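Below is one structure, written out as structure tokens, with a few remarks after it.
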Amino acid sequence: MQRNFPWCSPGAIGLLVLLFCLLRLDVGVSWAEQAVAYRLKWLINMSTVGDVYAKEKGLFAARGLAVDLRAGGPERDAIRELELGHAHFGVASADQVIHALAKGSPVVVLAQLFQANPLQWIYFKDRVRIDALADLKGKTIGVTFGKNDEIIMRTLLARADIGDRDVRLYSVRLDYTPFFSGRADLWPVYINSQGVEIGQRLTAAGESIGFFEPEAHGVRFVANSVVTSERLLAEQPELVERFMSALLAGWRGALDPANAAEAVALVRRYDQDTASEVLQAQLTATRPLVQPMDGPPVGHIDIEAWQQTEAMMRRYGQIDRPVNVAERLRR
Amino acid sequence: MLLRRIYQFMMIYGLGVLCLLALKMVADLSDYVIPGLDTLWHTFREVAWRYTLDVWDTLRVAMIGQVLSIGLALLVGIVGRQATWFGSFIKVAAYNVQAYPIVAIAPIIFILLGDGFLSRLLIAAMICYFPLLLSVVGIMSQPIPDIEHFYRQTGRMRWQLEVKIRAFENLSKLTTVIVGSATLAMAGTIVAEFIAAGAGIGYSIRIALYQSDLAKILVALFMIGITLSVYQGVLERAGHWVKQVWSG
Amino acid sequence: MLLECRNINFRYPGNEALLFQELSLVIDTPGFHALFGPSGVGKSSLAKIISGQLTAEQGAVRYHNDGRVLYGYNLERLPGWSSVGRHLERVTPAHHRSLKEALIEAFGLAEVMDRHFSRLSLGQQNRINLLRYLVQDFNALIMDESLANVDEKTREQILLTIKEMFPDALFLYISHNVVEVAAFCRQILVLRGLHKMPRVVTVQGQDRMKGREIDRQGLQQTMLEIMNAA
């Protein structure tokens with residue numbers, strides 16, 4: 001009796017060899033570059049120009065890293081993804097980091113991307129005049145309840161000794177209608193992205209606008225930073241080193257005025273809805289926030305600012321115990 | 001009926017929390033990712049009353065939205081039940097429009113109507129309206145020949161009688177649809193609040209999400225679940241009562 | 001001629017085969033007649049064509065002076081929101097109130113008037129259903145298995161009552177009970193299978209009336225004729 005072994009036929013063997021070669025090829029790629037997941041805080045825009053630059057210019061690849069740049073959003077939380085093992089690195093705001101630390105999350109700050117917080121409040125100069133903090137009294141101010149702009153604004157109001165009854169906090173929505181229609185006097189914007197876009201539009205329409213800057217009044221609330229897990233830092237310090245070296249090189253390269261056109265073009269690959277001219281203006285606005293003139297190097301961690309951020313959060317009941325955030329900052 | 005719904009919810013909720021706690025233990029996750037029981041209890045005591053008021057606020061909008069939807073669905077369903085061109089048009093329009101995701105229209109509603117009560121109400125009503133309409137049109141356009149035959153033979157059939165016969169014969173189905181639509185109305189209101197409103201439990205969940213506070217979200221889900229269970233139980237009981245009274 | 005169906009062609013939508021082809025029948029006199037035949041031969045369909053519920057592709061149905069033809073069947077239900085008595089009150093024309101009361105008595109239904117339809121036995125339900133048709137204004141009534149599930153004695157009493165109370169109306173009684181149709185009906189229209197010609201054969205029944213005993217031999221003869229025709 002003849003027994004059939006279909007898997008021994010020449011065709012099947014050929015197929016297996018081909019499959020093996022393909023797999024081998026694929027594995028070969030994986031071996032050459034280490035896969036790294038990097039979760040951003042928000043969508044890819046000019047605030048992530050350094051991240052995009054590092055990836056697109058091959059700075060990660062040159063250090064043996066295949067970085068998956070993952071856009072963030074309101075429902076994304078990089079710190080949670082680090083702990084669950086879904087990401088290796090992430091971008092988180094200082095309040096997120098401090099919240100996480102207060103709940104025992106093993107998160108470590110590797111670099112502070114923004115030396116100045118881009119969050120400011122836009123206002124119409126012909127309707128509102130703000131020279132000092134006391135001028136906030138009686139105003140209707142947009143805040144996103146639960147987010148860092150609420151804490152920043154409450155700190156500013158406390159500094160000016162303005163009570164809840166002297167000001168009206170207006171819950172911020174997805175659109176700017178309450179601000180445009182005059183229902184709110186001040187509206188929070190990121191100065192380097194929305195600030196540029198709306199500012200240009202309003203200026204073109206003949207409006208005179210101003211920006212209210214919390215840091216000018218002594219409130220320093222740290223914004224976006226690069227974070228990872230304690231475990232990754234302890235187990236693969238060399239990976240962390242390679243990633244951070246590429247990332248910071250990317251930011252330096254992106255902010256170099258000589259590379260401006262290229263940086264804009266690279267961001268535009270991801271953010272096709274924003275015109276190149278606007279992106280150009282956004283890059284110009286981003287530069288001093290990340291790399292202030294005569295300031296510290298890109299990625300510098302401003303410990304005092306972090307401590308002040310923690311103090312503000314404690315004061316407004318965002319955390320119920322000190323977390324000594326300075327100990328979790330990798331200097 | 002009412003107690004059974006609450007037991008069922010408590011069991012499902014308890015199971016869900018136990019699964020989360022098991023995951024927390026197995027993966028050694030911090031309270032930031034999954035809160036422990038003590039954090040949950042602490043958060044519950046801290047926000048329970050506030051969230052109860054928020055859920056009541058949401059439920060109030062959902063109930064009004066649901067009543068409006070039921071009224072409108074009955075009206076359109078009664079018109080759409082007829083085998084005339086207008087009836088067919090209403091049916092086809094209802095089937096097509098309901099396929100459009102209301103959530104996608106929500107931002108436009110907020111821009112046009114602002115972020116107050118009216119927007120929440122409209123979105124809640126719209127989300128629970130279309131499934132209701134489809135069921136009502138289905139029920140109203142399905143003849144009950146065993147009962148209707150006599151009235152047609154003797155020339156007594158009027159549209160009011162036809163609607164009455166079909167509603168009576170499908171009362172259990174209608175009750176189930178209305179009870180089910182309560183979930184949709186509640187979900188619609190929460191979605192509306194989550195997107196842009198300034199009040200209600202959806203708004204509180206959004207804030208908790210900004211703060212990455214899963215404990216608050218779990219407490220909010222508990223409050224929503226309990227409230228919805230009670231509301232659905234009451235609706236079921238009301239349907240049962242109506243049937244009893246109507247059947248003599 | 002009281003009722004005439006001439007050259008009726010009919011098929012249900014989606015069916016290629018005709019159920020009736022060139023079917024004709026005539027009933028000349030009022031009284032209690034039967035439509036008899038095996039299951040599936042088309043008795044109910046023919047009844048619906050006669051009562052105007054179904055429309056024939058071809059042919060005509062004519063009733064003398066365009067009289068009113070009603071069609072009732074045994075699976076009908078009354079609405080569940082009111083009692084049987086209340087329902088009958090609503091559907092009985094004012095000039096038939098005394099007729100209604102007489103029929104309730106004759107049909108043995110006085111005790112169930114305050115009950116709901118769903119709580120009655122099948123036999124009671126069928127009697128109630130037939131009763132509400134009888135109190136309408138009609139010239140002809142097609143009774144499709146209208147006395148199913150009713151015991152033999154009550155059925156006999158009901159049939160005799162109907163014949164006595166409605167001498168001028170035309171009844172077309174659809175039943176599978178050959179003894180019953182042979183005994184009580186004046187004419188039995190036997191509807192035969194599709195390939196038998198003619199489709200309808202008329203057999204003279206015993207037409208039993210109240211107070212008149214039936215001729216046993218005649219009955220047997222009629223039954224034989226019916227069975228042969230079918």
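Ordered as shown in the structure tokens, chains take letters A, B, and onward, while each chain numbers its residues from 1 and ligands are numbered from 1 in the order shown.
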May I have the residues within 8 Å of range 153-166 of chain C as a VMD selection string, using only C-alpha atoms and disregarding those fewer than 6 positions away in the same chain?
chain C and resid 31 to 32 106 to 107 147 184 208 to 210
Please return as a ChimeraX atom specification: the residues of range 14-223 of chain A that backbone DSSP assigns to alpha helix (DSSP H).
/A:14-32,49-56,59-62,78-84,94-102,148-159,177-180,194-204
Excluding Phe243 in chain A and any residue of its chain fewer than 2 positions from it, enumerate the residues within 8 Å of it, using only C-alpha atoms, and give them as a ChimeraX atom specification.
/A:60,63,65,239-241,245-247
Which residues are close to Tyr63 in chain C, i.e. within 6 Å by only C-alpha atoms, leaving aside same-chain residues fewer than 3 positions away? Reply as a ChimeraX atom specification.
/C:2-3,66-67
Name all residues at most 10 Å from Val190 in chain C (count only C-alpha atoms; drop same-chain ones fewer than 2 positions away) and give them as a PyMOL selection string.
chain C and resi 34-38+43+187-188+192-193+199-203+225-230
Interatomic distance, CA of Leu3 in chain B to CA of Ala167 in chain B (Å, one decimal):
27.6 Å
Select, as a list in words, those residues of chain C with any atom no more than 9 Å from chain B (distances computed using only C-alpha atoms).
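Within 9 Å of chain B on chain C, we get Ser51, Gln53, Val69, Leu70, Tyr71, Gly72, Tyr73, Leu75, Glu76, Arg77, Leu78, Pro79, Gly80, Trp81, Ser82, Ser83, Val91, His116, Asn129, Arg132, Tyr133, Gln136 and Asp137 of chain C.
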